[in-house]
Every structure is written in C-alpha cells, then in structure tokens.
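What's in run_6.txt: compact mmCIF, C-alpha atoms
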```
# COMPACT_ATOMS: atom_id res chain seq x y z
CA MET I 1 171.84 89.62 9.92
CA ASN I 2 173.36 92.36 11.96
CA MET I 3 171.68 92.72 15.37
CA LYS I 4 172.19 96.46 15.11
CA PHE I 5 169.26 96.71 12.74
CA PHE I 6 166.93 95.51 15.45
CA ILE I 7 167.84 98.23 17.93
CA PRO I 8 165.19 100.71 16.65
CA LEU I 9 162.59 97.95 16.77
CA PHE I 10 163.47 97.15 20.38
CA LEU I 11 163.40 100.83 21.28
CA PHE I 12 160.00 101.17 19.65
CA LEU I 13 158.65 98.14 21.51
CA ALA I 14 160.00 99.45 24.81
CA LEU I 15 158.40 102.86 24.22
CA GLY I 16 155.15 101.17 23.20
CA ALA I 17 155.15 99.11 26.40
CA LEU I 18 155.73 102.24 28.46
CA MET I 19 152.83 104.01 26.78
CA LEU I 20 150.59 100.98 27.20
CA PHE I 21 151.41 101.03 30.91
CA GLY I 22 150.56 104.74 30.94
CA LEU I 23 147.12 103.97 29.55
CA THR I 24 146.29 101.71 32.48
CA ASN I 25 147.19 104.48 34.93
CA ASP I 26 144.21 106.65 35.76
CA PRO I 27 145.57 110.15 36.41
CA LYS I 28 142.45 110.94 38.43
CA LEU I 29 143.46 108.45 41.09
CA ILE I 30 145.76 110.70 43.06
CA PRO I 31 147.25 108.75 45.94
CA SER I 32 146.00 110.24 49.18
CA PRO I 33 148.81 111.66 51.30
CA PHE I 34 146.58 110.98 54.31
CA ILE I 35 147.15 107.23 54.35
CA GLY I 36 148.94 106.44 57.60
CA LYS I 37 148.20 109.87 59.04
CA PRO I 38 145.58 111.04 61.55
CA ALA I 39 142.20 111.79 60.02
CA PRO I 40 141.40 115.53 59.89
CA ALA I 41 139.00 116.40 62.70
CA PHE I 42 135.69 118.08 61.95
CA THR I 43 132.57 119.30 63.72
CA LEU I 44 129.57 119.76 61.46
CA PRO I 45 125.79 120.17 61.69
CA GLN I 46 123.77 117.02 61.18
CA LEU I 47 121.13 116.42 58.55
CA PHE I 48 118.57 114.83 60.85
CA GLU I 49 119.42 116.17 64.29
CA ASP I 50 119.72 119.66 65.67
CA LYS I 51 123.10 119.18 67.33
CA THR I 52 126.48 119.09 65.69
CA PHE I 53 128.53 115.96 65.20
CA SER I 54 132.23 115.81 65.93
CA SER I 55 134.65 113.27 64.49
CA ASP I 56 135.95 112.82 68.07
CA GLU I 57 132.92 110.63 68.68
CA MET I 58 134.47 107.96 66.50
CA LYS I 59 137.58 107.60 68.65
CA GLY I 60 138.48 104.00 69.44
CA LYS I 61 136.33 102.63 66.63
CA VAL I 62 137.04 101.41 63.14
CA TRP I 63 134.92 103.75 61.07
CA ILE I 64 134.21 104.87 57.54
CA LEU I 65 133.65 108.32 56.11
CA ASN I 66 131.65 108.36 52.91
CA LEU I 67 131.23 111.59 50.98
CA TRP I 68 128.10 111.84 48.87
CA ALA I 69 125.61 114.27 47.39
CA SER I 70 122.11 113.98 45.95
CA TRP I 71 123.31 115.59 42.71
CA CYS I 72 126.00 112.95 42.26
CA HIS I 73 124.85 110.09 40.04
CA SER I 74 127.67 107.71 40.81
CA CYS I 75 126.85 108.09 44.52
CA GLN I 76 123.51 106.54 43.77
CA ALA I 77 125.27 103.68 42.01
CA GLU I 78 127.49 102.94 44.99
CA HIS I 79 124.80 103.45 47.62
CA ARG I 80 123.32 99.96 47.42
CA VAL I 81 126.73 98.27 47.47
CA LEU I 82 127.91 100.40 50.35
CA SER I 83 124.67 99.99 52.34
CA ARG I 84 124.91 96.21 52.14
CA PHE I 85 128.56 96.30 53.18
CA ILE I 86 127.79 98.56 56.16
CA ALA I 87 124.93 96.31 57.26
CA GLU I 88 127.04 93.14 56.99
CA GLU I 89 130.19 94.47 58.65
CA LYS I 90 128.34 96.63 61.19
CA VAL I 91 131.03 99.25 60.81
CA PRO I 92 129.82 102.74 61.79
CA THR I 93 129.83 104.96 58.73
CA VAL I 94 129.54 108.70 58.75
CA GLY I 95 127.91 110.09 55.63
CA LEU I 96 129.16 113.50 54.64
CA ASN I 97 126.63 115.35 52.53
CA TYR I 98 128.87 117.43 50.27
CA LYS I 99 127.68 120.80 48.91
CA ASP I 100 124.12 119.62 48.78
CA TYR I 101 121.85 120.31 51.76
CA GLY I 102 122.04 124.01 52.63
CA VAL I 103 122.71 125.00 49.03
CA ALA I 104 119.60 126.81 47.79
CA GLU I 105 119.27 125.06 44.45
CA TYR I 106 119.19 121.56 45.97
CA GLY I 107 116.78 122.22 48.84
CA ASP I 108 115.65 119.01 50.52
CA ALA I 109 117.02 116.72 47.81
CA GLY I 110 119.54 115.15 50.19
CA LYS I 111 116.88 114.09 52.68
CA GLN I 112 114.64 112.77 49.93
CA TRP I 113 117.54 110.88 48.45
CA LEU I 114 118.11 108.99 51.71
CA ALA I 115 114.37 108.45 52.20
CA ARG I 116 114.21 106.85 48.78
CA LEU I 117 117.43 104.83 48.83
CA GLY I 118 117.69 104.06 52.54
CA ASN I 119 119.95 105.53 55.19
CA PRO I 120 122.78 103.21 56.23
CA TYR I 121 124.70 105.93 58.07
CA TYR I 122 125.60 106.17 61.73
CA ALA I 123 125.37 109.93 61.33
CA VAL I 124 124.86 112.22 58.37
CA VAL I 125 126.78 115.48 58.55
CA VAL I 126 126.31 118.49 56.30
CA ASP I 127 129.22 120.25 54.61
CA SER I 128 127.36 122.73 52.44
CA LYS I 129 130.43 124.85 51.63
CA GLY I 130 132.77 121.95 51.03
CA GLU I 131 135.27 123.21 53.61
CA VAL I 132 135.65 119.88 55.37
CA GLY I 133 135.83 118.26 51.94
CA ILE I 134 138.92 120.29 51.11
CA ASP I 135 140.35 119.52 54.53
CA TRP I 136 140.08 115.84 53.63
CA GLY I 137 141.68 116.50 50.27
CA ILE I 138 138.78 115.30 48.19
CA VAL I 139 138.68 115.74 44.44
CA GLY I 140 135.06 114.79 43.85
CA VAL I 141 132.26 112.76 45.34
CA PRO I 142 131.94 109.92 46.02
CA GLU I 143 135.02 109.22 48.07
CA THR I 144 135.34 106.80 50.94
CA PHE I 145 137.90 106.74 53.74
CA ILE I 146 138.52 103.96 56.28
CA MET I 147 139.94 104.85 59.68
CA ASP I 148 141.40 102.49 62.28
CA LYS I 149 140.79 102.53 66.05
CA LYS I 150 143.56 105.08 66.55
CA GLY I 151 141.92 107.48 64.13
CA ILE I 152 144.53 106.92 61.43
CA VAL I 153 143.37 106.98 57.80
CA ARG I 154 144.18 103.53 56.41
CA TYR I 155 142.50 103.53 53.03
CA LYS I 156 140.88 105.81 50.53
CA PHE I 157 138.59 104.75 47.75
CA THR I 158 138.07 107.30 44.99
CA GLY I 159 134.87 107.03 42.98
CA PRO I 160 131.86 104.77 43.42
CA VAL I 161 132.55 101.68 45.52
CA TYR I 162 131.67 98.52 43.60
CA GLN I 163 131.06 95.01 44.86
CA GLN I 164 134.40 93.61 43.73
CA ALA I 165 136.25 96.38 45.59
CA VAL I 166 134.23 95.60 48.71
CA GLU I 167 135.20 91.93 48.56
CA GLU I 168 138.83 92.43 47.61
CA LYS I 169 139.78 95.59 49.52
CA LEU I 170 137.24 97.07 51.93
CA LYS I 171 136.03 93.94 53.71
CA PRO I 172 139.46 92.33 54.27
CA LEU I 173 140.84 95.65 55.52
CA VAL I 174 137.97 96.34 57.92
CA ASP I 175 138.21 92.76 59.25
CA LYS I 176 141.92 93.26 59.82
CA LEU I 177 141.49 96.66 61.49
CA LEU I 178 138.85 95.24 63.85
CA GLN I 179 141.47 92.74 65.08
CA GLU I 180 143.99 95.49 65.81
CA ASP I 181 144.33 97.05 69.25
CA GLY I 182 142.88 100.49 69.80
CA MET W 1 167.70 147.28 10.01
CA ARG W 2 164.23 148.53 9.18
CA LEU W 3 163.03 144.99 8.57
CA SER W 4 164.15 143.75 11.99
CA LEU W 5 162.48 146.74 13.64
CA LYS W 6 159.27 145.84 11.89
CA SER W 7 159.43 142.24 13.04
CA LEU W 8 160.16 143.46 16.55
CA VAL W 9 157.02 145.58 16.49
CA ASN W 10 155.08 142.63 15.13
CA SER W 11 156.21 140.29 17.87
CA PHE W 12 155.40 142.97 20.41
CA ILE W 13 151.84 143.12 19.08
CA VAL W 14 151.57 139.33 19.28
CA LEU W 15 152.79 139.44 22.87
CA LEU W 16 150.26 142.12 23.67
CA LEU W 17 147.49 139.95 22.21
CA LEU W 18 148.65 136.97 24.24
CA PHE W 19 148.65 139.13 27.32
CA GLY W 20 145.10 140.12 26.49
CA LEU W 21 144.18 136.43 26.47
CA THR W 22 145.53 135.91 29.97
CA LEU W 23 143.61 138.97 31.09
CA ALA W 24 140.47 137.38 29.73
CA TYR W 25 141.19 134.38 31.97
CA ALA W 26 141.68 136.49 35.04
CA VAL W 27 138.30 138.12 34.62
CA LYS W 28 136.55 134.88 35.56
CA ILE W 29 138.09 134.90 39.01
CA GLU W 30 136.17 136.33 41.91
CA PHE W 31 137.47 139.55 43.39
CA HIS W 32 139.09 139.65 46.78
CA ASP W 33 140.19 142.41 49.07
CA PHE W 34 143.66 142.22 50.54
CA ALA W 35 145.27 144.07 53.42
CA ASN W 36 148.29 144.94 51.30
CA LYS W 37 149.97 144.50 47.93
CA GLU W 38 152.23 141.68 49.16
CA GLN W 39 149.24 139.55 50.12
CA GLU W 40 147.56 140.12 46.79
CA HIS W 41 150.77 139.32 44.96
CA LEU W 42 151.23 136.13 46.98
CA TYR W 43 147.66 135.07 46.27
CA LEU W 44 147.97 135.62 42.53
CA GLN W 45 151.31 133.84 42.50
CA LEU W 46 149.97 130.84 44.41
CA ILE W 47 146.84 130.32 42.34
CA ALA W 48 149.01 130.38 39.23
CA GLU W 49 151.35 127.75 40.71
CA LEU W 50 148.84 125.35 42.21
CA ARG W 51 147.16 122.76 40.07
CA CYS W 52 143.44 122.20 40.04
CA VAL W 53 143.16 118.53 40.98
CA LYS W 54 139.77 118.21 39.34
CA CYS W 55 140.78 119.51 35.91
CA GLN W 56 144.35 118.44 35.90
CA ASN W 57 145.82 120.52 33.13
CA GLN W 58 144.82 123.85 34.56
CA ASN W 59 146.06 125.86 37.47
CA LEU W 60 143.73 127.26 40.11
CA ALA W 61 143.68 130.67 38.45
CA GLU W 62 142.44 129.36 35.09
CA SER W 63 139.99 126.75 36.27
CA ASN W 64 136.26 127.22 36.51
CA ALA W 65 135.76 124.00 38.47
CA GLU W 66 134.02 124.36 41.81
CA LEU W 67 136.87 122.62 43.55
CA ALA W 68 139.32 125.14 42.11
CA LYS W 69 137.16 127.93 43.50
CA ASP W 70 137.12 126.25 46.90
CA MET W 71 140.88 125.88 46.82
CA ARG W 72 141.29 129.53 45.80
CA ASP W 73 139.00 130.56 48.66
CA LYS W 74 141.03 128.44 51.06
CA ALA W 75 144.29 130.02 49.87
CA TYR W 76 142.71 133.46 50.18
CA ALA W 77 141.41 132.75 53.70
CA MET W 78 144.84 131.55 54.80
CA ILE W 79 146.62 134.53 53.29
CA ILE W 80 144.42 137.21 54.83
CA LYS W 81 144.90 135.54 58.20
CA GLY W 82 148.62 136.10 57.71
CA GLY W 83 149.55 132.70 56.28
CA THR W 84 152.81 132.58 54.37
CA ARG W 85 153.54 131.01 51.03
CA GLU W 86 154.95 127.94 52.83
CA ASP W 87 151.79 127.62 54.96
CA VAL W 88 149.51 127.48 51.94
CA ILE W 89 151.77 125.12 50.01
CA LYS W 90 152.07 122.82 53.01
CA TYR W 91 148.30 122.82 53.51
CA MET W 92 147.72 121.87 49.87
CA THR W 93 150.46 119.25 49.62
CA ASP W 94 149.38 117.67 52.93
CA ARG W 95 146.00 117.09 51.35
CA TYR W 96 146.66 116.58 47.66
CA GLY W 97 150.32 115.57 47.60
CA ASP W 98 153.10 117.04 45.46
CA PHE W 99 150.78 116.53 42.55
CA VAL W 100 149.11 119.83 43.36
CA LEU W 101 152.34 121.72 42.62
CA TYR W 102 153.18 122.72 39.09
CA ASN W 103 156.74 123.21 40.34
CA PRO W 104 157.69 119.77 41.61
CA PRO W 105 160.03 119.84 44.62
CA LEU W 106 163.53 118.43 44.28
CA LYS W 107 163.72 115.16 46.22
CA SER W 108 164.89 111.61 45.62
CA LYS W 109 161.55 110.65 44.07
CA THR W 110 161.79 113.43 41.50
CA TRP W 111 165.46 113.10 40.59
CA LEU W 112 164.61 111.43 37.31
CA LEU W 113 162.23 114.27 36.50
CA TRP W 114 164.76 116.98 37.29
CA PHE W 115 167.99 115.46 36.02
CA GLY W 116 166.68 112.97 33.46
CA PRO W 117 166.60 115.41 30.51
CA ALA W 118 170.11 116.74 31.26
CA VAL W 119 171.50 113.22 31.60
CA LEU W 120 169.81 112.22 28.37
CA LEU W 121 171.24 115.26 26.59
CA ILE W 122 174.78 114.64 27.82
CA PHE W 123 174.55 110.98 26.95
CA SER W 124 173.27 111.63 23.44
CA LEU W 125 175.88 114.37 22.82
CA PHE W 126 178.60 111.97 23.94
CA TYR W 127 177.20 109.29 21.66
CA LEU W 128 176.93 111.70 18.73
CA LEU W 129 180.54 112.92 19.14
CA ARG W 130 181.83 109.38 19.38
CA ARG W 131 179.96 108.42 16.27
CA ILE W 132 181.19 111.37 14.28
CA ARG W 133 184.78 110.65 15.29
CA HIS W 134 184.34 106.97 14.48
CA GLN W 135 182.98 107.78 11.03
CA GLN W 136 185.90 110.09 10.29
CA GLN W 137 188.35 107.37 11.20
CA GLU W 138 186.48 104.87 9.07
CA VAL W 139 186.54 107.17 6.08
CA SER W 140 190.20 108.01 6.37
CA ALA W 141 191.06 104.34 6.84
CA LYS W 142 189.15 103.46 3.70
CA GLU W 143 190.77 106.19 1.62
CA ALA W 144 194.27 105.74 2.89
CA MET W 145 196.65 104.26 0.29
CA SER W 146 199.16 101.57 0.83
CA ASP W 147 202.84 102.36 0.14
CA GLU W 148 202.65 100.34 -3.03
CA GLN W 149 199.67 102.33 -4.30
CA ARG W 150 201.41 105.58 -3.42
CA ASP W 151 204.49 104.65 -5.43
CA LYS W 152 202.30 103.75 -8.37
CA MET W 153 200.48 107.06 -8.15
CA ARG W 154 203.75 109.01 -8.10
CA GLU W 155 204.87 107.11 -11.15
CA ILE W 156 201.72 108.02 -13.07
CA LEU W 157 202.00 111.68 -12.09
CA LYS W 158 205.60 111.84 -13.17
CA GLN W 159 204.72 110.32 -16.52
CA SER W 160 201.91 112.76 -17.21
CA GLN W 161 204.20 115.69 -16.36
CA ASN W 162 206.80 114.40 -18.78
CA ASN W 163 204.28 114.02 -21.59
CA PRO W 164 202.00 117.07 -21.45
CA THR W 165 200.50 116.13 -24.81
CA ASP W 166 198.82 113.14 -23.18
CA LYS W 167 196.47 115.54 -21.55
CA PRO W 168 192.92 114.77 -22.66
```
Target encoding structure tokens, full file:
Amino acid sequence: MNMKFFIPLFLFLALGALMLFGLTNDPKLIPSPFIGKPAPAFTLPQLFEDKTFSSDEMKGKVWILNLWASWCHSCQAEHRVLSRFIAEEKVPTVGLNYKDYGVAEYGDAGKQWLARLGNPYYAVVVDSKGEVGIDWGIVGVPETFIMDKKGIVRYKFTGPVYQQAVEEKLKPLVDKLLQEDG
Amino acid sequence: MRLSLKSLVNSFIVLLLLFGLTLAYAVKIEFHDFANKEQEHLYLQLIAELRCVKCQNQNLAESNAELAKDMRDKAYAMIIKGGTREDVIKYMTDRYGDFVLYNPPLKSKTWLLWFGPAVLLIFSLFYLLRRIRHQQQEVSAKEAMSDEQRDKMREILKQSQNNPTDKP
C-alpha cells in the first residue's frame, strides 16, 4: 500500500487534534497583562466607614483584591471558599464592590449580602461606576488578584474561585509570597 | 451595457441598505460632545477598532454590554482631555492586552498571524506548479514512442497512402 494515500488521513487527524485543543481553550480567560507589573493604585469610598481607602495602605503586605457584587451569582458561590481561605491564610483581602452599592436599583443589597454571607474583608471599597474596575482591566466579576509585598500583581483568577484552585494555586502562591522579602 | 448599469444600480441599493444597518447600530450609542471634528473622528475610529472583551466578537461601537459602555466612556474621557490615539490604545492594551485590538500589532508573537497566509499561499502555488509540471512530463513520457514503434508507424502510413482503397 502506498503511504501517499494516508497523507489526507494524517492531515485530518492533525487538524482534528488542533481543533480539540482549541475546545479546551476558554477564550474568556484573557491573560492579564498586569502580571509582573505594579498594581494600579486607587482611592475609593468604603462601604462601612466614612473615610476613603487607598491601595497605598497595603504597601509591604501580601494582599488580595477581590471584585464582587451582590447581583453576581457566581460571587456568592465563591464567597464561602474565599472566606475560608482568607481566614486560614490570614491574608488581608480588599473587597471591591463593583457597580453595586451607589447604583440606585441595588440600594443596600451589597451590605445585606455581606450581613447574610459574612464579611471576610480587611476593607470593602465601593466602585459604583466601575472606573477602578476598568483600571484593573476586569472583564466581569468575580475576579481576584494577588499582590506581593512590593505591590506587584502576581496572579489573577478570573471567575469564581473554587476549592481546588485555592489548594493548587492560591494557597501555594500566597505561602511563597509571604516568604519573599518586601 | 444597459444590463451592467442595472446591476450597478442594484449593488448600490444593496450597499445603501447595508449602510442603513450600520446606522441602526450607531443609534444605540450614547451621544457625546466633542471640542472639534478631529476628536469626534478619533473617538468613532477607536470604538470601531477596539474589541469589547466581554462580548468578544463585537467592537466597542456595536456592543451593548455595560463593560463596552464603560470602555467607550473611558476612551471619550481620555480624548476630550486631549489624549491621542496612541494614549487610548496604550491604556487599553496595558489593561486588556493586544487582545483588545482588532488590528493586531506586528511583532514576533504575531508573525504567524501576519505572514502565515502568504507563506501558505506561496507554498501551495509552488506545490501546484510542480505537480502540474510533473504530470505533463509523466504524460509525455507515457505517450512517447520508441524508435522501433516510430518506424512501424511510418511503415503503416506509407502503406495506407499507397493503397487509398483500403480506406474504411
């Protein structure tokens, strides 16, 4: 049998493999260009206090920024996982309330949401217009960023954080960053 | 001549209809005031060129997503403050990567994207030409007669010329 006859079959299999690989790639997971770069600074009003909160306060600390909203269902799903992680690792986490509090149609929903589900955050800041969200290059809530002691973004998690991701990615990274010099 | 004129008019009407469709898109966008025509032109150009990262197959101008509106507002705010085209594009790519551009920049990572089709075309043309030439050679080699066959053929021809009555 002439091997030439198998060439189309091989080409087809190669194309099939390429397409199969394409299926496993989620186009929504855009790699963040921030990784390895300084975190964008922000100063925002807080949900529970009358003064503003500035990201400068987190200097010298390993910290997490978690974007959430009361209207976001997957945020609710990740909240328990994230709360446990924050409590165990004792890593200060700033919760950014995205286009929620301050928007007329949602009213107090953000506060009630935290009252019901628990508030694991070091500070909760309010970004009612989503301006800081854009500055951080977010696509949709929830998104979670991890910063090192120098204020460099080291990791971004898009979508609801789940337990396996905590064990395999978030926890090992935070442990490693805590060992690093500030 | 008349026929081609008619088809020209027809295609013009189709174009006009298509243009109407794009106008219908533009209506959804919020209205902004600009200091001058250049700024407005730049804004419209940019929102047509930047991709909405939430709804990935639409540009900012066509998308109804809230994020697209936020990104349009950001572009607008930068432009009226005197930001240039480069400023806005840098702001967006710093945050969303090259992915946000519908016109991917030419750099080593995108060489395959830019030159791949041309390379593929040249390669396949080369292959096609070689094949055609090869086939021609094969055919002529198959049909070529040996000297012995040629002599025999001449003999037969001569005979048939000498005896025209043999003609069927």
Taking only C-alpha atoms into account, which residues of chain I are within 12 Å of chain W, as a PyMOL selection string?
-> chain I and resi 26-35+37-40+98-99+128-141
Show which residues sit within 8 Å of range 88-96 of chain I, as a ChimeraX atom specification. Count all atoms listed in the file, and ignore same-chain residues fewer than 6 positions away.
-> /I:62-68,120-127,171
May I have the residues from that selection written out with C-alpha atoms, as a PDB file, in the frame of the given file?
```
ATOM      1  CA  VAL I  62     137.040 101.410  63.140  1.00  0.00           C
ATOM      2  CA  TRP I  63     134.920 103.750  61.070  1.00  0.00           C
ATOM      3  CA  ILE I  64     134.210 104.870  57.540  1.00  0.00           C
ATOM      4  CA  LEU I  65     133.650 108.320  56.110  1.00  0.00           C
ATOM      5  CA  ASN I  66     131.650 108.360  52.910  1.00  0.00           C
ATOM      6  CA  LEU I  67     131.230 111.590  50.980  1.00  0.00           C
ATOM      7  CA  TRP I  68     128.100 111.840  48.870  1.00  0.00           C
ATOM      8  CA  PRO I 120     122.780 103.210  56.230  1.00  0.00           C
ATOM      9  CA  TYR I 121     124.700 105.930  58.070  1.00  0.00           C
ATOM     10  CA  TYR I 122     125.600 106.170  61.730  1.00  0.00           C
ATOM     11  CA  ALA I 123     125.370 109.930  61.330  1.00  0.00           C
ATOM     12  CA  VAL I 124     124.860 112.220  58.370  1.00  0.00           C
ATOM     13  CA  VAL I 125     126.780 115.480  58.550  1.00  0.00           C
ATOM     14  CA  VAL I 126     126.310 118.490  56.300  1.00  0.00           C
ATOM     15  CA  ASP I 127     129.220 120.250  54.610  1.00  0.00           C
ATOM     16  CA  LYS I 171     136.030  93.940  53.710  1.00  0.00           C
TER      17      LYS I 171
END
```
When you draw a straight line from CA of Val103 in chain I to CA of Phe31 in chain W, how long is it in Å?
-> 21.5 Å
Name the closest residue to Lys111 in chain I among the candidates I:Met147, I:Ile152, I:Leu47, I:Leu170; distances are taken between atoms, counting all atoms listed in the file.
-> I:Leu47
Proximity to Leu114 in chain I - best of I:Val81, I:Leu13, I:Val174, I:Ala69, only C-alpha atoms |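 Between I:Val81, I:Leu13, I:Val174, I:Ala69, the residue approaching Leu114 in chain I most closely is I:Ala69.
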Let me have the centre and edge lengths in Å, one decimal, of the box along x, y and z around every listed atom of range 40-56 of chain W with 6 Å of margin on each side, as lines of an AutoDock Vina configuration file.
```
center_x = 145.6
center_y = 129.2
center_z = 41.4
size_x = 23.6
size_y = 33.9
size_z = 23.1
```
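Closest to Arg85 in chain W among W:Tyr43, W:Tyr102, W:Phe12, W:Tyr127 is W:Tyr43, based on only C-alpha atoms.
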Report the distance between CA of Lys51 in chain I and CA of Gly110 in chain I in Å, rounded to one decimal place.
-> 18.0 Å
Quote the spacing between CA of Thr144 in chain I and CA of Ile86 in chain I in Å to one decimal place.
->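 According to the coordinates, CA of Thr144 in chain I and CA of Ile86 in chain I are separated by 12.3 Å.
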W:Ala144, W:Val139, W:Leu101, W:Leu125 ranked by distance to Gln58 in chain W, top pick (using all atoms listed in the file) |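 That would be W:Leu101, the residue with the smallest distance to Gln58 in chain W.
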